[in-house]
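A.B. asks: Okay, here's the structure, questions in a sec.
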Amino acid sequence: MKKKTLITGMSLILTVGIFAGCTNQSDSKSTEHQHETKNDKTNKENEHVGHSEKNAQDLNVAWHLSSSHPKENEKEKLTIEIKDNQNKPIEEYDINHEKKMHLIVVSKDLSYFNHIHPTYDGNGKFNVDVSFPKGGEYKLISDFIPKGGSQTTKTHTIKVEGTEQKAEPLQADKSLVKVVDGKEITLSYDGELKPNKEVMLKFNIKDAATKKPITDLETYLGATGHVVILSEDTEKYLHVHPADTKNMGPEAMFHTEFPTSGTYKIWGQFQHKGKVFTVPYVITIP
Ligand SMILES: [Cu+2]
């Protein structure tokens, strides 16, 4: 079954960034104006996109929030400032899936997810407005490619004041059929769910009311869709794009590999009729 799908599966070229196990290094626990000055772990596996494998660049990333005590539901301006190890701003970035930077904002319990694109304002500075729906800890994950370098992931943790909700432990979904924004999305996979084993995730998208397959998805970030995967402890981050931009549904396929056993949350993002919808799943890799 896997073979067949691979043959008919066209040229699935993709970018998989695996970010594992370096959170202590690049994560700052306190809330505001915390500067990160640690070395960076750089994602590899960009060979299909044509980036040569370079040595991981030493980067200094500083995260500034407009408020020193961010509160729930308040708009904050977030600035992410990227410098080299000589403290000189990194001026140029490659465009990756239509953007210079991708930023994922999640609550620590993974119940909240937001995928946004900070604006590059020059001088190594990216800016974006953020807000947080509840009190508690949030993790920010930025993803970018310094010009001529490789895909880089930097993370930061902030504490937001406000009503904290008890974090529910992540539980694997009993059903992989979800309804979001009038669409019924079924997640299935080809291959074995095993650590370090390639697996193809397949999202099948129907109209929830008519059950008709949706075949007119729109390109989102230069592809049929976009998938972000985080491990339960938020330490492992996978960002997966399909390269097949011609297939506009009803099925979208993404190759990936889960680095370890454990529970993961997956967010598939697709665009239809001008609107992006996000469908979450929780699965366990035995
Ligand atoms: Cu993005």
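Labels used: A, B, ... for chains in the order of the structure tokens, numbers from 1 for residues in each chain, and numbers from 1 for ligands as shown.
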For A:Glu161, find every residue with an atom within 10 Å (counting only C-alpha atoms), except residues of its own chain fewer than 5 positions away, and show them as a short mmCIF file (atom, residue, chain, number, x, y, z; two decimals) with N, CA, C and O atoms, in the first residue's frame.
C.D. replies:
```
data_model
loop_
_atom_site.label_atom_id
_atom_site.label_comp_id
_atom_site.auth_asym_id
_atom_site.auth_seq_id
_atom_site.Cartn_x
_atom_site.Cartn_y
_atom_site.Cartn_z
N THR A 31 9.81 36.20 31.41
CA THR A 31 8.83 36.78 30.54
C THR A 31 9.34 37.83 29.58
O THR A 31 9.11 37.76 28.40
N HIS A 69 5.02 42.70 31.54
CA HIS A 69 4.16 41.67 32.12
C HIS A 69 2.98 41.41 31.20
O HIS A 69 1.91 41.98 31.41
N PRO A 70 3.17 40.62 30.20
CA PRO A 70 2.07 40.38 29.26
C PRO A 70 0.86 39.77 29.97
O PRO A 70 1.01 38.94 30.87
N LYS A 71 -0.32 40.25 29.56
CA LYS A 71 -1.55 39.77 30.18
C LYS A 71 -2.43 39.11 29.14
O LYS A 71 -2.32 39.41 27.95
N GLU A 72 -3.32 38.27 29.61
CA GLU A 72 -4.20 37.56 28.67
C GLU A 72 -5.03 38.57 27.88
O GLU A 72 -5.45 39.60 28.41
N ASN A 73 -5.23 38.26 26.62
CA ASN A 73 -6.05 39.06 25.71
C ASN A 73 -5.61 40.49 25.50
O ASN A 73 -6.39 41.33 25.09
N PHE A 132 -2.49 36.57 23.68
CA PHE A 132 -2.55 35.25 24.29
C PHE A 132 -3.92 35.11 24.96
O PHE A 132 -4.31 35.97 25.74
N LYS A 134 -5.19 33.19 27.25
CA LYS A 134 -5.31 32.87 28.69
C LYS A 134 -3.98 33.07 29.36
O LYS A 134 -2.95 33.18 28.70
N GLY A 135 -4.01 33.08 30.68
CA GLY A 135 -2.75 33.12 31.41
C GLY A 135 -2.01 31.80 31.28
O GLY A 135 -2.59 30.79 30.89
N GLY A 136 -0.73 31.83 31.61
CA GLY A 136 0.05 30.60 31.57
C GLY A 136 1.28 30.73 30.70
O GLY A 136 1.63 31.81 30.26
N GLU A 137 1.92 29.61 30.49
CA GLU A 137 3.15 29.62 29.70
C GLU A 137 2.87 29.38 28.22
O GLU A 137 2.03 28.56 27.86
#
```
A.B. asks: Taking only C-alpha atoms and all ligand atoms into account, which residues are within 10 Å of ligand 1, as a compact mmCIF listing (two decimals) with N, CA and C atoms, in the first residue's frame?
C.D. replies:
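Ended up saving to result.txt:
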```txt
# COMPACT_ATOMS: atom_id res chain seq x y z
N ASN A 96 11.26 31.39 2.46
CA ASN A 96 10.95 29.97 2.61
C ASN A 96 9.43 29.85 2.68
N HIS A 97 8.87 29.16 1.72
CA HIS A 97 7.40 29.08 1.66
C HIS A 97 6.76 30.46 1.80
N GLU A 98 7.23 31.32 0.94
CA GLU A 98 6.67 32.67 0.75
C GLU A 98 6.98 33.66 1.86
N LYS A 99 7.65 33.23 2.92
CA LYS A 99 7.89 34.14 4.04
C LYS A 99 9.34 34.10 4.49
N LYS A 100 9.77 35.21 5.08
CA LYS A 100 11.11 35.25 5.64
C LYS A 100 11.16 34.62 7.02
N MET A 101 10.03 34.68 7.72
CA MET A 101 10.00 34.02 9.02
C MET A 101 8.62 33.43 9.27
N HIS A 102 8.63 32.23 9.81
CA HIS A 102 7.39 31.61 10.28
C HIS A 102 7.47 31.57 11.80
N LEU A 103 6.38 31.93 12.44
CA LEU A 103 6.37 31.93 13.90
C LEU A 103 5.17 31.13 14.39
N ILE A 104 5.45 30.15 15.23
CA ILE A 104 4.39 29.35 15.82
C ILE A 104 4.28 29.75 17.29
N ASN A 114 -1.11 29.10 17.12
CA ASN A 114 -1.21 30.19 16.15
C ASN A 114 0.04 30.17 15.26
N HIS A 115 -0.17 30.35 13.99
CA HIS A 115 0.93 30.35 13.02
C HIS A 115 0.90 31.69 12.30
N ILE A 116 1.90 32.51 12.54
CA ILE A 116 1.89 33.87 12.01
C ILE A 116 3.23 34.18 11.33
N HIS A 117 3.24 35.32 10.67
CA HIS A 117 4.43 35.68 9.89
C HIS A 117 4.88 37.09 10.23
N PRO A 118 5.89 37.21 11.08
CA PRO A 118 6.39 38.54 11.43
C PRO A 118 6.90 39.27 10.19
N SER A 142 10.34 30.26 16.26
CA SER A 142 10.55 30.97 15.00
C SER A 142 11.45 30.14 14.11
N ASP A 143 11.20 30.30 12.83
CA ASP A 143 11.77 29.43 11.83
C ASP A 143 12.19 30.33 10.67
N PHE A 144 13.47 30.34 10.32
CA PHE A 144 13.95 31.27 9.28
C PHE A 144 15.24 30.74 8.68
N TYR A 220 -1.71 27.52 -0.05
CA TYR A 220 -1.43 28.20 1.21
C TYR A 220 0.09 28.13 1.44
N LEU A 221 0.72 29.27 1.53
CA LEU A 221 2.17 29.35 1.67
C LEU A 221 2.89 28.55 0.58
N HIS A 226 -0.02 22.86 4.94
CA HIS A 226 1.09 23.13 5.82
C HIS A 226 0.83 22.34 7.09
N VAL A 227 1.83 21.64 7.58
CA VAL A 227 1.63 20.83 8.78
C VAL A 227 2.71 21.15 9.81
N VAL A 228 2.26 21.39 11.02
CA VAL A 228 3.19 21.61 12.13
C VAL A 228 2.94 20.49 13.15
N HIS A 239 8.10 20.75 10.97
CA HIS A 239 7.38 21.69 10.12
C HIS A 239 7.41 21.06 8.73
```
A.B. asks: Which of stretch 146-239 of chain A counts as strand (DSSP E) under DSSP, as an MDAnalysis selection string please?
C.D. replies: chainID A and resid 152:160 177:180 183:190 198:207 226:231 237:239
A.B. asks: Suppose we keep C-alpha atoms; can you now write the selection as a compact mmCIF listing (two decimals), in the first residue's frame?
C.D. replies:
```
# COMPACT_ATOMS: atom_id res chain seq x y z
CA THR A 152 17.07 27.62 11.71
CA THR A 153 14.66 27.24 14.60
CA LYS A 154 14.80 29.36 17.73
CA THR A 155 12.40 29.15 20.62
CA HIS A 156 11.41 31.26 23.56
CA THR A 157 9.05 30.73 26.48
CA ILE A 158 6.98 33.47 28.04
CA LYS A 159 4.65 33.64 30.99
CA VAL A 160 1.34 35.41 30.52
CA VAL A 177 -12.16 12.42 11.68
CA LYS A 178 -12.62 16.08 12.57
CA VAL A 179 -15.03 18.78 11.56
CA VAL A 180 -13.65 22.30 11.25
CA LYS A 183 -15.13 20.68 6.46
CA GLU A 184 -14.76 17.09 7.49
CA ILE A 185 -11.11 16.15 7.57
CA THR A 186 -9.88 12.60 7.98
CA LEU A 187 -6.28 11.91 8.85
CA SER A 188 -4.77 8.60 7.83
CA TYR A 189 -1.26 7.41 7.17
CA ASP A 190 0.73 5.04 5.04
CA GLU A 198 9.18 7.67 7.28
CA VAL A 199 5.44 7.89 7.29
CA MET A 200 3.04 9.62 4.94
CA LEU A 201 0.30 11.62 6.59
CA LYS A 202 -2.78 11.98 4.42
CA PHE A 203 -5.52 14.49 5.03
CA ASN A 204 -8.74 13.82 3.19
CA ILE A 205 -11.01 16.84 3.01
CA LYS A 206 -14.75 16.78 2.39
CA ASP A 207 -17.58 19.20 2.75
CA HIS A 226 1.09 23.13 5.82
CA VAL A 227 1.63 20.83 8.78
CA VAL A 228 3.19 21.61 12.13
CA ILE A 229 3.91 18.84 14.63
CA LEU A 230 4.98 19.25 18.24
CA SER A 231 5.78 16.64 20.85
CA TYR A 237 9.16 20.57 16.41
CA LEU A 238 8.48 19.40 12.88
CA HIS A 239 7.38 21.69 10.12
```
A.B. asks: Contacts of stretch 123-125 of chain A at 10 Å or less, counting only C-alpha atoms, minus same-chain residues fewer than 5 places along, as a PyMOL selection string?
C.D. replies: chain A and resi 61-63+79-84+88-93+118+146
A.B. asks: Next, dump the selected residues to file, keeping only N, CA, C and O atoms, as a CSV table (one decimal), in the first residue's frame.
C.D. replies:
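Output saved as part04.csv:
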```csv
chain,number,residue,atom,x,y,z
A,61,VAL,N,19.8,35.6,19.3
A,61,VAL,CA,18.4,36.0,19.1
A,61,VAL,C,17.8,36.7,20.3
A,61,VAL,O,17.9,36.1,21.4
A,62,ALA,N,17.3,37.9,20.2
A,62,ALA,CA,16.7,38.6,21.3
A,62,ALA,C,15.2,38.7,21.1
A,62,ALA,O,14.8,39.0,20.0
A,63,TRP,N,14.5,38.4,22.1
A,63,TRP,CA,13.0,38.5,22.0
A,63,TRP,C,12.5,39.6,22.9
A,63,TRP,O,12.8,39.6,24.1
A,79,THR,N,9.1,41.7,19.1
A,79,THR,CA,10.2,42.0,18.2
A,79,THR,C,11.2,40.8,18.4
A,79,THR,O,11.6,40.5,19.5
A,80,ILE,N,11.6,40.3,17.3
A,80,ILE,CA,12.6,39.2,17.3
A,80,ILE,C,13.8,39.8,16.6
A,80,ILE,O,13.7,40.1,15.4
A,81,GLU,N,14.9,39.9,17.3
A,81,GLU,CA,16.1,40.5,16.7
A,81,GLU,C,17.2,39.5,16.5
A,81,GLU,O,17.6,38.8,17.5
A,82,ILE,N,17.7,39.4,15.3
A,82,ILE,CA,18.7,38.3,15.0
A,82,ILE,C,20.1,39.0,14.7
A,82,ILE,O,20.2,39.8,13.8
A,83,LYS,N,21.1,38.6,15.4
A,83,LYS,CA,22.4,39.1,15.2
A,83,LYS,C,23.4,37.9,15.0
A,83,LYS,O,23.1,36.8,15.5
A,84,ASP,N,24.5,38.2,14.5
A,84,ASP,CA,25.5,37.1,14.4
A,84,ASP,C,26.4,37.1,15.7
A,84,ASP,O,26.1,37.9,16.6
A,88,LYS,N,26.5,41.7,15.1
A,88,LYS,CA,26.0,42.5,14.0
A,88,LYS,C,24.7,41.9,13.4
A,88,LYS,O,24.5,40.7,13.4
A,89,PRO,N,23.7,42.8,13.2
A,89,PRO,CA,22.5,42.3,12.7
A,89,PRO,C,22.6,41.4,11.4
A,89,PRO,O,23.4,41.8,10.6
A,90,ILE,N,21.9,40.4,11.4
A,90,ILE,CA,21.8,39.6,10.2
A,90,ILE,C,20.8,40.2,9.3
A,90,ILE,O,19.6,40.3,9.6
A,91,GLU,N,21.2,40.7,8.1
A,91,GLU,CA,20.4,41.6,7.3
A,91,GLU,C,19.5,40.9,6.3
A,91,GLU,O,18.4,41.4,6.0
A,92,GLU,N,20.0,39.7,5.8
A,92,GLU,CA,19.2,39.1,4.7
A,92,GLU,C,18.8,37.7,5.0
A,92,GLU,O,19.5,37.0,5.7
A,93,TYR,N,17.6,37.4,4.5
A,93,TYR,CA,17.0,36.1,4.8
A,93,TYR,C,16.5,35.6,3.5
A,93,TYR,O,16.0,36.3,2.6
A,118,PRO,N,5.9,37.2,11.1
A,118,PRO,CA,6.4,38.5,11.4
A,118,PRO,C,6.9,39.3,10.2
A,118,PRO,O,7.4,38.7,9.2
A,146,PRO,N,18.8,32.4,7.4
A,146,PRO,CA,19.7,33.5,7.1
A,146,PRO,C,20.2,33.3,5.7
A,146,PRO,O,20.5,32.1,5.3
```
